[in-house]
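Colleague: Enclosed is the structure file input.cif (mmCIF, C-alpha atoms).
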data_input
loop_
_atom_site.label_atom_id
_atom_site.label_comp_id
_atom_site.auth_asym_id
_atom_site.auth_seq_id
_atom_site.Cartn_x
_atom_site.Cartn_y
_atom_site.Cartn_z
CA MET A 1 -44.20 108.24 -29.19
CA ALA A 2 -46.81 108.89 -26.59
CA ARG A 3 -48.05 107.32 -23.39
CA TYR A 4 -51.64 106.46 -22.48
CA GLU A 5 -53.55 105.87 -19.24
CA SER A 6 -55.07 102.61 -20.56
CA LEU A 7 -55.40 100.56 -23.71
CA LEU A 8 -58.74 102.22 -24.52
CA ASP A 9 -57.00 105.59 -24.59
CA ALA A 10 -54.54 104.20 -27.16
CA CYS A 11 -57.33 103.74 -29.72
CA GLY A 12 -56.87 105.70 -32.96
CA GLY A 13 -54.02 108.09 -33.75
CA THR A 14 -52.77 105.63 -36.36
CA PRO A 15 -49.89 106.44 -38.73
CA LEU A 16 -50.44 107.67 -42.29
CA VAL A 17 -47.68 106.20 -44.43
CA GLY A 18 -46.64 107.31 -47.92
CA LEU A 19 -46.25 104.71 -50.67
CA PRO A 20 -43.51 106.16 -52.89
CA ARG A 21 -42.92 102.89 -54.78
CA LEU A 22 -46.56 102.07 -55.44
CA SER A 23 -47.67 105.61 -56.35
CA PRO A 24 -47.93 105.94 -60.14
CA ALA A 25 -45.13 107.77 -61.96
CA VAL A 26 -46.09 111.09 -63.54
CA PRO A 27 -44.55 112.67 -66.65
CA GLU A 28 -41.78 115.18 -65.99
CA GLY A 29 -43.17 118.51 -64.91
CA ALA A 30 -46.63 117.10 -64.16
CA PRO A 31 -48.14 117.56 -60.69
CA PRO A 32 -47.47 114.71 -58.22
CA VAL A 33 -49.91 111.85 -57.62
CA ARG A 34 -49.30 110.21 -54.24
CA LEU A 35 -50.83 107.30 -52.36
CA TRP A 36 -51.03 107.27 -48.55
CA ALA A 37 -52.02 104.29 -46.36
CA LYS A 38 -53.71 104.79 -42.97
CA LEU A 39 -52.55 101.82 -40.92
CA GLU A 40 -55.58 100.87 -38.83
CA ASP A 41 -53.99 97.59 -37.79
CA ARG A 42 -52.09 99.76 -35.28
CA ASN A 43 -55.19 99.89 -33.06
CA PRO A 44 -55.42 97.97 -29.74
CA THR A 45 -56.95 94.77 -31.21
CA GLY A 46 -55.45 95.23 -34.65
CA SER A 47 -58.31 96.66 -36.68
CA ILE A 48 -60.25 99.83 -37.46
CA LYS A 49 -63.24 98.35 -35.61
CA ASP A 50 -61.74 99.38 -32.27
CA ARG A 51 -62.85 102.94 -33.00
CA ALA A 52 -66.48 101.98 -33.61
CA ALA A 53 -66.60 99.50 -30.70
CA LEU A 54 -65.31 102.09 -28.25
CA PHE A 55 -67.71 104.81 -29.45
CA MET A 56 -70.73 102.47 -29.51
CA VAL A 57 -70.09 101.22 -25.96
CA ARG A 58 -69.45 104.74 -24.63
CA GLU A 59 -72.60 106.06 -26.27
CA ALA A 60 -74.65 103.16 -24.87
CA GLU A 61 -73.25 103.84 -21.39
CA GLU A 62 -74.07 107.55 -21.61
CA SER A 63 -77.61 106.92 -22.87
CA GLY A 64 -78.25 104.30 -20.18
CA HIS A 65 -78.71 101.48 -22.73
CA LEU A 66 -75.77 99.64 -21.12
CA ARG A 67 -75.45 99.21 -17.34
CA PRO A 68 -72.55 97.70 -15.39
CA GLY A 69 -72.50 93.92 -15.70
CA ASP A 70 -74.78 93.80 -18.76
CA THR A 71 -74.40 91.20 -21.49
CA ILE A 72 -73.83 92.41 -25.05
CA LEU A 73 -75.03 90.17 -27.89
CA GLU A 74 -73.29 90.66 -31.24
CA PRO A 75 -73.84 88.62 -34.38
CA THR A 76 -70.41 88.88 -36.03
CA SER A 77 -67.79 86.78 -37.69
CA GLY A 78 -65.06 89.37 -37.75
CA ASN A 79 -63.16 92.31 -36.37
CA THR A 80 -66.12 93.97 -34.65
CA GLY A 81 -66.49 91.00 -32.32
CA ILE A 82 -62.80 91.07 -31.42
CA ALA A 83 -62.86 94.84 -30.82
CA LEU A 84 -66.03 94.61 -28.73
CA ALA A 85 -64.58 91.74 -26.72
CA MET A 86 -61.64 93.91 -25.67
CA VAL A 87 -63.78 96.96 -24.89
CA ALA A 88 -66.35 94.82 -23.02
CA LYS A 89 -63.60 93.24 -20.92
CA LEU A 90 -62.09 96.58 -19.91
CA ARG A 91 -65.46 98.25 -19.29
CA GLY A 92 -66.96 95.33 -17.34
CA TYR A 93 -69.46 93.69 -19.70
CA ARG A 94 -69.99 90.15 -20.86
CA LEU A 95 -69.93 89.60 -24.64
CA VAL A 96 -71.72 86.81 -26.48
CA CYS A 97 -70.96 86.47 -30.21
CA VAL A 98 -73.16 84.54 -32.60
CA MET A 99 -71.25 83.35 -35.64
CA PRO A 100 -71.32 80.68 -38.31
CA GLU A 101 -69.33 77.57 -37.40
CA ASN A 102 -67.10 77.89 -40.49
CA VAL A 103 -65.23 81.06 -39.49
CA SER A 104 -61.45 80.81 -39.23
CA ALA A 105 -59.80 79.27 -36.18
CA GLU A 106 -57.81 82.48 -35.57
CA ARG A 107 -60.99 84.43 -35.00
CA THR A 108 -62.60 82.06 -32.52
CA GLN A 109 -59.32 81.66 -30.61
CA LEU A 110 -58.84 85.43 -30.41
CA LEU A 111 -62.40 86.00 -29.24
CA ARG A 112 -62.09 83.39 -26.52
CA MET A 113 -58.77 84.81 -25.33
CA TYR A 114 -60.39 88.22 -24.99
CA GLY A 115 -63.08 86.52 -22.89
CA ALA A 116 -66.00 86.45 -25.31
CA GLU A 117 -68.44 83.54 -25.39
CA ILE A 118 -69.33 82.10 -28.77
CA ILE A 119 -72.56 80.53 -29.93
CA PHE A 120 -72.25 78.87 -33.33
CA SER A 121 -74.95 78.73 -35.97
CA ALA A 122 -74.83 75.92 -38.51
CA ALA A 123 -72.79 76.99 -41.54
CA ALA A 124 -74.95 75.03 -43.94
CA GLY A 125 -77.95 77.28 -43.41
CA GLY A 126 -76.08 80.46 -44.43
CA SER A 127 -77.70 83.78 -43.53
CA ASN A 128 -81.07 82.25 -42.86
CA GLN A 129 -79.61 79.92 -40.25
CA ALA A 130 -77.65 82.75 -38.62
CA VAL A 131 -80.85 84.78 -38.45
CA ALA A 132 -82.81 81.90 -36.95
CA THR A 133 -80.14 81.20 -34.33
CA ALA A 134 -79.75 84.86 -33.37
CA LYS A 135 -83.52 85.33 -33.08
CA GLN A 136 -83.84 82.27 -30.87
CA ILE A 137 -81.06 83.48 -28.56
CA ALA A 138 -82.55 86.98 -28.33
CA ALA A 139 -85.95 85.51 -27.47
CA GLU A 140 -84.42 83.39 -24.72
CA HIS A 141 -82.43 86.34 -23.32
CA PRO A 142 -84.48 89.51 -23.72
CA ASP A 143 -82.16 91.39 -21.32
CA TRP A 144 -79.09 91.01 -23.55
CA LYS A 145 -78.14 94.25 -25.33
CA MET A 146 -77.44 94.77 -29.04
CA LEU A 147 -75.25 97.59 -30.33
CA PHE A 148 -76.15 97.00 -33.99
CA GLN A 149 -73.19 98.49 -35.86
CA TYR A 150 -75.11 98.70 -39.18
CA GLY A 151 -77.55 101.27 -37.83
CA ASN A 152 -75.73 102.76 -34.83
CA PRO A 153 -74.85 106.45 -35.44
CA ALA A 154 -72.00 106.12 -32.91
CA ASN A 155 -70.23 103.85 -35.43
CA ALA A 156 -70.08 106.65 -38.03
CA ARG A 157 -69.48 109.30 -35.35
CA ALA A 158 -66.28 107.49 -34.28
CA HIS A 159 -64.87 108.26 -37.73
CA TYR A 160 -66.32 111.77 -37.92
CA GLU A 161 -64.60 112.62 -34.64
CA THR A 162 -61.33 110.69 -34.97
CA THR A 163 -60.42 109.16 -38.38
CA GLY A 164 -61.46 112.25 -40.37
CA PRO A 165 -59.63 114.84 -38.23
CA GLU A 166 -56.51 112.63 -38.08
CA LEU A 167 -56.40 112.43 -41.89
CA LEU A 168 -56.86 116.16 -42.37
CA HIS A 169 -54.18 116.91 -39.77
CA ASP A 170 -51.65 114.55 -41.35
CA LEU A 171 -52.51 115.31 -45.00
CA PRO A 172 -54.00 118.81 -45.41
CA THR A 173 -53.56 118.46 -49.19
CA ILE A 174 -55.81 115.36 -49.37
CA THR A 175 -57.84 115.13 -52.61
CA HIS A 176 -59.30 111.59 -52.38
CA PHE A 177 -60.36 109.33 -49.51
CA VAL A 178 -60.85 105.63 -50.27
CA ALA A 179 -62.19 103.00 -47.85
CA GLY A 180 -64.04 99.71 -47.78
CA LEU A 181 -67.84 99.57 -47.65
CA GLY A 182 -69.32 97.20 -45.07
CA THR A 183 -71.36 98.76 -42.28
CA THR A 184 -70.52 101.99 -44.15
CA GLY A 185 -69.49 103.63 -40.83
CA THR A 186 -65.92 104.49 -41.91
CA LEU A 187 -67.00 106.12 -45.18
CA MET A 188 -70.03 107.92 -43.76
CA GLY A 189 -68.20 109.42 -40.76
CA THR A 190 -64.84 110.21 -42.38
CA GLY A 191 -66.53 111.24 -45.62
CA ARG A 192 -68.89 113.74 -43.94
CA PHE A 193 -66.04 115.30 -41.98
CA LEU A 194 -63.76 115.66 -45.00
CA ARG A 195 -66.55 117.04 -47.21
CA GLU A 196 -67.14 119.79 -44.65
CA LYS A 197 -63.45 120.72 -44.51
CA VAL A 198 -61.96 120.06 -47.95
CA GLU A 199 -63.53 121.58 -51.04
CA GLY A 200 -63.87 119.18 -53.94
CA ILE A 201 -62.69 116.12 -52.03
CA GLN A 202 -63.67 112.80 -53.55
CA ILE A 203 -65.02 110.08 -51.24
CA ILE A 204 -64.63 106.67 -52.84
CA ALA A 205 -66.08 103.34 -51.70
CA ALA A 206 -64.55 99.93 -52.47
CA GLU A 207 -67.04 97.16 -51.95
CA PRO A 208 -65.81 93.57 -51.73
CA ARG A 209 -67.52 91.27 -54.26
CA TYR A 210 -67.75 87.82 -52.73
CA GLY A 211 -68.47 84.50 -54.35
CA GLU A 212 -72.20 83.98 -54.63
CA LEU A 213 -72.24 81.24 -52.01
CA VAL A 214 -71.59 83.85 -49.36
CA TYR A 215 -74.71 85.85 -50.16
CA GLY A 216 -77.06 82.91 -49.78
CA LEU A 217 -80.03 85.07 -50.74
CA ARG A 218 -83.17 83.46 -52.12
CA ASN A 219 -84.42 86.58 -53.87
CA ILE A 220 -83.72 90.28 -54.37
CA ASP A 221 -86.07 91.34 -51.58
CA GLU A 222 -83.77 89.70 -49.04
CA GLY A 223 -81.11 92.28 -49.85
CA TYR A 224 -79.92 94.68 -47.19
CA VAL A 225 -78.65 98.25 -47.18
CA PRO A 226 -77.21 99.33 -43.81
CA GLU A 227 -79.26 102.01 -42.07
CA LEU A 228 -76.13 104.18 -41.78
CA TYR A 229 -75.66 104.36 -45.56
CA ASP A 230 -76.21 107.73 -47.23
CA ALA A 231 -75.22 107.63 -50.90
CA SER A 232 -74.88 111.43 -51.03
CA VAL A 233 -71.67 111.21 -48.95
CA LEU A 234 -69.94 109.20 -51.70
CA THR A 235 -68.54 110.39 -55.00
CA ARG A 236 -68.02 106.94 -56.53
CA ARG A 237 -68.40 103.31 -55.58
CA PHE A 238 -66.40 100.39 -56.97
CA SER A 239 -67.07 96.67 -56.70
CA VAL A 240 -63.80 94.72 -56.33
CA GLY A 241 -63.61 90.97 -56.90
CA THR A 242 -61.51 88.45 -54.99
CA ARG A 243 -58.81 88.21 -57.66
CA ASP A 244 -58.07 91.95 -57.76
CA ALA A 245 -58.15 92.15 -53.96
CA VAL A 246 -55.61 89.31 -53.60
CA LEU A 247 -53.39 90.75 -56.34
CA ARG A 248 -53.23 94.18 -54.65
CA THR A 249 -52.75 92.71 -51.16
CA ARG A 250 -49.70 90.83 -52.44
CA GLN A 251 -48.43 93.89 -54.32
CA LEU A 252 -48.64 95.98 -51.13
CA ILE A 253 -46.34 93.66 -49.18
CA GLU A 254 -44.02 93.00 -52.14
CA VAL A 255 -43.53 96.64 -53.11
CA GLU A 256 -44.07 98.59 -49.89
CA GLY A 257 -43.61 95.99 -47.15
CA ILE A 258 -47.10 96.39 -45.70
CA PHE A 259 -48.70 93.09 -44.61
CA ALA A 260 -52.44 93.66 -44.81
CA GLY A 261 -55.70 91.71 -44.91
CA PHE A 262 -57.55 91.14 -48.18
CA SER A 263 -60.05 93.96 -47.66
CA THR A 264 -57.05 96.31 -47.93
CA GLY A 265 -56.36 94.87 -51.38
CA ALA A 266 -59.88 95.80 -52.49
CA VAL A 267 -59.43 99.34 -51.18
CA LEU A 268 -55.99 99.69 -52.79
CA HIS A 269 -57.41 98.51 -56.13
CA ALA A 270 -59.88 101.42 -56.13
CA ALA A 271 -57.23 103.85 -54.85
CA LEU A 272 -54.88 102.93 -57.68
CA ALA A 273 -57.70 103.35 -60.22
CA VAL A 274 -58.38 106.94 -59.14
CA ALA A 275 -54.64 107.68 -58.87
CA LEU A 276 -54.08 106.51 -62.45
CA GLU A 277 -57.03 108.62 -63.63
CA ALA A 278 -55.43 111.66 -61.98
CA VAL A 279 -52.12 110.97 -63.77
CA LYS A 280 -53.96 110.68 -67.09
CA ALA A 281 -55.81 113.95 -66.48
CA GLY A 282 -52.62 115.70 -65.36
CA ASN A 283 -54.12 116.53 -61.95
CA ARG A 284 -52.39 116.69 -58.59
CA ALA A 285 -53.70 113.99 -56.22
CA ASP A 286 -53.10 112.95 -52.62
CA VAL A 287 -55.06 109.73 -52.29
CA ALA A 288 -55.45 108.46 -48.72
CA PHE A 289 -56.83 104.97 -48.21
CA VAL A 290 -57.63 102.78 -45.21
CA VAL A 291 -55.78 99.60 -44.28
CA PRO A 292 -58.50 98.11 -42.02
CA ASP A 293 -56.38 95.28 -40.59
CA ALA A 294 -53.22 93.20 -41.02
CA GLY A 295 -53.01 89.79 -42.64
CA TRP A 296 -52.43 87.58 -39.58
CA LYS A 297 -56.03 86.43 -39.20
CA TYR A 298 -56.17 85.32 -42.84
CA LEU A 299 -52.94 83.32 -43.10
CA SER A 300 -54.81 80.05 -42.62
CA THR A 301 -56.78 80.71 -45.83
CA GLY A 302 -53.56 79.96 -47.72
CA ALA A 303 -54.36 82.81 -50.11
CA TYR A 304 -51.03 84.63 -49.58
CA GLY A 305 -49.14 81.95 -51.48
CA GLY A 306 -49.60 79.99 -54.70
CA THR A 307 -51.07 81.28 -57.94
CA LEU A 308 -53.89 83.81 -58.14
CA ASN A 309 -56.22 81.06 -59.30
CA GLU A 310 -55.38 79.00 -56.21
CA ALA A 311 -55.89 82.01 -53.96
CA GLU A 312 -59.24 82.76 -55.58
CA GLU A 313 -60.27 79.17 -55.01
CA ALA A 314 -59.10 79.27 -51.38
CA LEU A 315 -61.25 82.33 -50.68
CA GLU A 316 -64.31 81.10 -52.56
CA GLY A 317 -67.30 81.12 -50.27
CA GLN A 318 -65.44 82.99 -47.52
CA LEU A 319 -65.96 86.45 -46.09
CA TRP A 320 -62.48 87.73 -46.83
CA ALA A 321 -63.08 91.36 -45.92
CA MET B 1 -68.95 93.00 -80.09
CA ALA B 2 -71.73 93.24 -77.52
CA ILE B 3 -72.13 94.24 -73.89
CA GLU B 4 -71.52 91.38 -71.47
CA VAL B 5 -73.91 91.17 -68.53
CA ARG B 6 -73.28 88.99 -65.45
CA ILE B 7 -76.49 87.67 -63.90
CA PRO B 8 -76.65 86.73 -60.18
CA THR B 9 -77.86 83.24 -59.25
CA ILE B 10 -81.18 84.51 -57.94
CA LEU B 11 -82.08 86.01 -61.34
CA ARG B 12 -80.89 83.18 -63.57
CA ASN B 13 -84.38 81.70 -63.76
CA TYR B 14 -85.01 84.55 -66.22
CA THR B 15 -81.99 83.68 -68.38
CA GLY B 16 -82.49 79.92 -68.65
CA GLY B 17 -79.74 79.44 -66.08
CA ALA B 18 -77.16 81.48 -68.02
CA LYS B 19 -74.54 83.21 -65.85
CA ILE B 20 -73.52 85.65 -68.58
CA VAL B 21 -75.78 87.08 -71.28
CA GLU B 22 -75.17 89.63 -74.01
CA GLY B 23 -77.12 92.75 -74.88
CA SER B 24 -76.87 96.12 -76.57
CA GLY B 25 -77.87 99.72 -75.94
CA ASP B 26 -76.49 103.23 -75.47
CA THR B 27 -77.72 103.66 -71.93
CA LEU B 28 -78.48 101.28 -69.07
CA THR B 29 -82.21 101.73 -69.75
CA GLY B 30 -81.71 100.74 -73.38
CA LEU B 31 -79.62 97.74 -72.38
CA ILE B 32 -82.20 96.54 -69.83
CA ASP B 33 -85.00 96.89 -72.43
CA ASP B 34 -82.93 94.84 -74.87
CA LEU B 35 -82.27 92.18 -72.22
CA ASP B 36 -85.95 92.06 -71.26
CA ALA B 37 -86.90 91.42 -74.88
CA LYS B 38 -84.70 88.30 -74.84
CA HIS B 39 -85.28 87.31 -71.20
CA SER B 40 -88.84 88.26 -70.41
CA GLY B 41 -89.49 89.39 -66.83
CA LEU B 42 -85.91 90.40 -66.02
CA LYS B 43 -86.67 94.13 -66.19
CA GLY B 44 -89.41 93.78 -63.58
CA ARG B 45 -86.87 92.47 -61.07
CA LEU B 46 -84.41 95.33 -61.66
CA ILE B 47 -86.69 98.34 -62.10
CA THR B 48 -89.49 99.38 -59.74
CA PRO B 49 -93.03 100.16 -61.02
CA GLU B 50 -92.12 103.85 -60.44
CA GLY B 51 -89.28 103.49 -62.95
CA GLY B 52 -86.27 103.61 -60.60
CA LEU B 53 -83.55 101.09 -59.92
CA HIS B 54 -84.72 98.53 -57.34
CA ARG B 55 -83.39 99.43 -53.87
CA PHE B 56 -81.77 96.02 -53.35
CA VAL B 57 -80.23 95.76 -56.81
CA ASN B 58 -76.75 97.09 -57.54
CA ILE B 59 -75.56 97.36 -61.13
CA TYR B 60 -71.93 98.01 -62.02
CA VAL B 61 -70.46 99.16 -65.34
CA ASN B 62 -66.86 97.97 -65.48
CA ASP B 63 -66.95 97.51 -61.69
CA GLU B 64 -68.30 101.01 -60.97
CA ASP B 65 -71.74 101.50 -59.34
CA VAL B 66 -74.16 103.03 -61.89
CA ARG B 67 -75.89 105.07 -59.17
CA PHE B 68 -72.84 107.36 -59.33
CA LEU B 69 -72.71 107.36 -63.15
CA GLY B 70 -76.21 108.64 -63.91
CA ALA B 71 -78.15 105.57 -62.72
CA LEU B 72 -80.47 104.30 -65.48
CA GLU B 73 -79.15 107.01 -67.81
CA ALA B 74 -75.56 105.77 -67.40
CA LYS B 75 -73.84 105.44 -70.77
CA VAL B 76 -72.86 101.95 -71.90
CA LYS B 77 -71.03 100.77 -75.01
CA ASP B 78 -69.87 97.63 -76.77
CA GLY B 79 -67.10 95.93 -74.84
CA ASP B 80 -68.36 97.09 -71.44
CA SER B 81 -68.81 94.53 -68.71
CA ILE B 82 -71.95 94.88 -66.61
CA THR B 83 -72.44 93.11 -63.28
CA ILE B 84 -75.81 92.82 -61.55
CA LEU B 85 -75.69 91.98 -57.82
CA PRO B 86 -78.14 91.89 -54.95
CA ALA B 87 -77.39 94.58 -52.33
CA VAL B 88 -75.80 93.08 -49.25
CA ALA B 89 -73.70 94.52 -46.44
CA GLY B 90 -70.23 93.46 -45.42
CA GLY B 91 -70.18 90.42 -43.17
CA ALA B 92 -73.27 88.94 -44.76
CA LEU B 93 -74.02 86.51 -41.95
CA GLY B 94 -73.49 89.11 -39.26
CA PHE B 95 -75.74 91.71 -40.84
CA ALA B 96 -78.51 89.26 -41.54
CA ALA B 97 -78.68 88.17 -37.93
CA ALA B 98 -78.22 91.69 -36.60
CA ALA B 99 -80.90 93.12 -38.85
CA ALA B 100 -83.29 90.37 -37.86
CA LEU B 101 -82.82 91.15 -34.19
CA VAL B 102 -83.22 94.89 -34.49
CA GLY B 103 -86.03 95.33 -36.95
CA GLY B 104 -87.15 91.98 -38.18
CA TRP B 105 -85.70 90.59 -41.39
CA SER B 106 -87.20 93.57 -43.20
CA ARG B 107 -85.52 96.86 -42.37
CA PRO B 108 -86.68 99.30 -39.70
CA ALA B 109 -89.06 101.91 -41.15
CA SER B 110 -86.52 104.63 -40.39
CA ALA B 111 -83.97 103.22 -42.81
CA PRO B 112 -82.67 105.86 -45.21
CA LYS B 113 -83.14 105.38 -48.93
CA ALA B 114 -80.14 104.02 -50.79
CA ASP B 115 -80.95 105.66 -54.09
#
Could you render the structure as structure tokens?
Modeller:
Amino acid sequence: MARYESLLDACGGTPLVGLPRLSPAVPEGAPPVRLWAKLEDRNPTGSIKDRAALFMVREAEESGHLRPGDTILEPTSGNTGIALAMVAKLRGYRLVCVMPENVSAERTQLLRMYGAEIIFSAAAGGSNQAVATAKQIAAEHPDWKMLFQYGNPANARAHYETTGPELLHDLPTITHFVAGLGTTGTLMGTGRFLREKVEGIQIIAAEPRYGELVYGLRNIDEGYVPELYDASVLTRRFSVGTRDAVLRTRQLIEVEGIFAGFSTGAVLHAALAVALEAVKAGNRADVAFVVPDAGWKYLSTGAYGGTLNEAEEALEGQLWA
Amino acid sequence: MAIEVRIPTILRNYTGGAKIVEGSGDTLTGLIDDLDAKHSGLKGRLITPEGGLHRFVNIYVNDEDVRFLGALEAKVKDGDSITILPAVAGGALGFAAAAALVGGWSRPASAPKAD
């Protein structure tokens, strides 16, 4: 155990936990194949986004983009908003989040408790409505500052400087790193660091595949690839559907006692796939994967109980990762 | 047995509304040519005039991104399941609004290439 000067100093340094029951069995005499979970829910606001929020705010302070008392505007419906709300509070900024009105009650309550203000965009309009609302707000408040996690190098740098070194320190024999693909910051930063230090390491992305309602795109040209994304950092990229993500999330708590959010299930699904391939090939493997957050914020979805079909239905049209 | 291909909503106008279509081929290129013969115009939405995979299209063979399996030269076989999806980032609503604020709804010119 350690002590810290403030909550911000307690960011990162999360435990890496072995999964002896979930790791696939290998034939006698074959090299071991082991799964390891990096528990990012052990960060100050309960998710991996604390790392990025802290680095983005610090970088903006150092570059002069943020000044004391400034207002930060963040379009978000998830963990980044909660992480930024905590960092903004402790560093003396006001945070305004723009989010669709259909996000879970846990998220809005948490944000408000941390002191963030919320502006809702109509859920019915999907992405287009969120864009219109955010644009209108930015036009009315040109002095509000955006950190833009999808294109902010400090997001990836947080993982290059903290997540990557922590993994290498705790698991020098690492052969595979698996994480979720959203802003791509975790995979880009951690992946670059590990590629520099570990010969032959595989960097594997697990991308949540949502129901089509969530995308709300009118045509292909409305697609979006985050500015941070560099495909050359990755070795492989898997798309994981809701059903597999729910199945693995449940398996993780049933078999190893780890209560995680559904994005973890998607990551574990890909981690198990590469672990099983290693067993088949007779290769040694130490597969480390990220648990981005715990399950508390998703309990109200009802997807932890009932049949898989019911869970799939409950998550239809939701951003579960 | 054929290769099953899942079509996203925004491309179903090329498949008469069908969510799943069937095709054949040894590589992704061959499969897309076969699909285009049955569903005219589909290829033009997936492949750029320069002959590469469209930047905002992701194609998965058995849930794995083809860009890491040889892209258009990726091997396919009967019984495979192919999924075509538009490229989107995590937190779809958040990214859309954020992207709009930073660089307009189209990306900033400095955006790196995805493929």
Colleague: Identify all residues satisfying the PyMOL selection byres ((chain B and resi 33) around 12) in the given file; provide them as a ChimeraX atom specification.
Modeller: /B:23-32,34-44,46-47,72
Colleague: Which residues would end up in the selection if the PyMOL selection byres ((chain A and resi 107) around 12) were applied here, given that I need the answer as an MDAnalysis selection string?
Modeller: chainID A and resid 45 76:83 85 97 99:106 108:114 116 118 296:300
Colleague: What does the structure give for the distance between atom CA of B:Ala71 and atom CA of A:Ser232, in Å to one decimal?
Modeller: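 Atom-to-atom, atom CA of B:Ala71 and atom CA of A:Ser232 are spaced 13.5 Å apart.
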Colleague: Using the chain letters and numbers from the file, give me the residues hit by the PyMOL selection byres ((chain A and resi 194-208) around 9), as an mmCIF file with C-alpha atoms, in the coordinates of the input.
Modeller:
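Output file result_22.cif follows:
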data_model
loop_
_atom_site.group_PDB
_atom_site.id
_atom_site.type_symbol
_atom_site.label_atom_id
_atom_site.label_comp_id
_atom_site.auth_asym_id
_atom_site.auth_seq_id
_atom_site.Cartn_x
_atom_site.Cartn_y
_atom_site.Cartn_z
ATOM 1 C CA TYR A 160 -66.320 111.770 -37.920
ATOM 2 C CA GLY A 164 -61.460 112.250 -40.370
ATOM 3 C CA PRO A 165 -59.630 114.840 -38.230
ATOM 4 C CA LEU A 167 -56.400 112.430 -41.890
ATOM 5 C CA LEU A 168 -56.860 116.160 -42.370
ATOM 6 C CA PRO A 172 -54.000 118.810 -45.410
ATOM 7 C CA THR A 173 -53.560 118.460 -49.190
ATOM 8 C CA ILE A 174 -55.810 115.360 -49.370
ATOM 9 C CA THR A 175 -57.840 115.130 -52.610
ATOM 10 C CA HIS A 176 -59.300 111.590 -52.380
ATOM 11 C CA PHE A 177 -60.360 109.330 -49.510
ATOM 12 C CA VAL A 178 -60.850 105.630 -50.270
ATOM 13 C CA ALA A 179 -62.190 103.000 -47.850
ATOM 14 C CA GLY A 180 -64.040 99.710 -47.780
ATOM 15 C CA LEU A 181 -67.840 99.570 -47.650
ATOM 16 C CA GLY A 182 -69.320 97.200 -45.070
ATOM 17 C CA THR A 184 -70.520 101.990 -44.150
ATOM 18 C CA LEU A 187 -67.000 106.120 -45.180
ATOM 19 C CA GLY A 189 -68.200 109.420 -40.760
ATOM 20 C CA THR A 190 -64.840 110.210 -42.380
ATOM 21 C CA GLY A 191 -66.530 111.240 -45.620
ATOM 22 C CA ARG A 192 -68.890 113.740 -43.940
ATOM 23 C CA PHE A 193 -66.040 115.300 -41.980
ATOM 24 C CA ARG A 209 -67.520 91.270 -54.260
ATOM 25 C CA TYR A 210 -67.750 87.820 -52.730
ATOM 26 C CA VAL A 233 -71.670 111.210 -48.950
ATOM 27 C CA LEU A 234 -69.940 109.200 -51.700
ATOM 28 C CA THR A 235 -68.540 110.390 -55.000
ATOM 29 C CA ARG A 236 -68.020 106.940 -56.530
ATOM 30 C CA ARG A 237 -68.400 103.310 -55.580
ATOM 31 C CA PHE A 238 -66.400 100.390 -56.970
ATOM 32 C CA SER A 239 -67.070 96.670 -56.700
ATOM 33 C CA VAL A 240 -63.800 94.720 -56.330
ATOM 34 C CA GLY A 241 -63.610 90.970 -56.900
ATOM 35 C CA THR A 242 -61.510 88.450 -54.990
ATOM 36 C CA ALA A 245 -58.150 92.150 -53.960
ATOM 37 C CA SER A 263 -60.050 93.960 -47.660
ATOM 38 C CA ALA A 266 -59.880 95.800 -52.490
ATOM 39 C CA VAL A 267 -59.430 99.340 -51.180
ATOM 40 C CA LEU A 268 -55.990 99.690 -52.790
ATOM 41 C CA HIS A 269 -57.410 98.510 -56.130
ATOM 42 C CA ALA A 270 -59.880 101.420 -56.130
ATOM 43 C CA ALA A 271 -57.230 103.850 -54.850
ATOM 44 C CA VAL A 274 -58.380 106.940 -59.140
ATOM 45 C CA TRP A 320 -62.480 87.730 -46.830
ATOM 46 C CA ALA A 321 -63.080 91.360 -45.920
ATOM 47 C CA GLY B 90 -70.230 93.460 -45.420
#
Colleague: Please determine, counting only C-alpha atoms, which residue among A:Lys145, A:Arg94, A:Arg42, A:Arg34 has the shortest atom-to-atom distance to chain B.
Modeller: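 When distances to chain B are compared using only C-alpha atoms, the smallest one comes from A:Lys145.
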Colleague: Taking the block above, write stretch 9-14 of chain B with N, CA and C atoms as an mmCIF file, in the first residue's frame.
Modeller:
data_model
loop_
_atom_site.group_PDB
_atom_site.id
_atom_site.type_symbol
_atom_site.label_atom_id
_atom_site.label_comp_id
_atom_site.auth_asym_id
_atom_site.auth_seq_id
_atom_site.Cartn_x
_atom_site.Cartn_y
_atom_site.Cartn_z
ATOM 1 N N THR B 9 -27.259 -1.205 -42.569
ATOM 2 C CA THR B 9 -28.487 -0.531 -43.006
ATOM 3 C C THR B 9 -28.240 0.442 -44.159
ATOM 4 N N ILE B 10 -27.164 1.236 -44.026
ATOM 5 C CA ILE B 10 -26.939 2.288 -45.017
ATOM 6 C C ILE B 10 -26.539 1.760 -46.398
ATOM 7 N N LEU B 11 -26.294 0.456 -46.520
ATOM 8 C CA LEU B 11 -25.967 -0.098 -47.845
ATOM 9 C C LEU B 11 -27.041 -1.065 -48.354
ATOM 10 N N ARG B 12 -28.123 -1.178 -47.592
ATOM 11 C CA ARG B 12 -29.136 -2.172 -47.982
ATOM 12 C C ARG B 12 -29.972 -1.749 -49.190
ATOM 13 N N ASN B 13 -29.845 -0.478 -49.572
ATOM 14 C CA ASN B 13 -30.537 -0.062 -50.807
ATOM 15 C C ASN B 13 -29.934 -0.761 -52.019
ATOM 16 N N TYR B 14 -28.707 -1.309 -51.859
ATOM 17 C CA TYR B 14 -28.089 -2.045 -52.962
ATOM 18 C C TYR B 14 -28.489 -3.519 -52.953
#
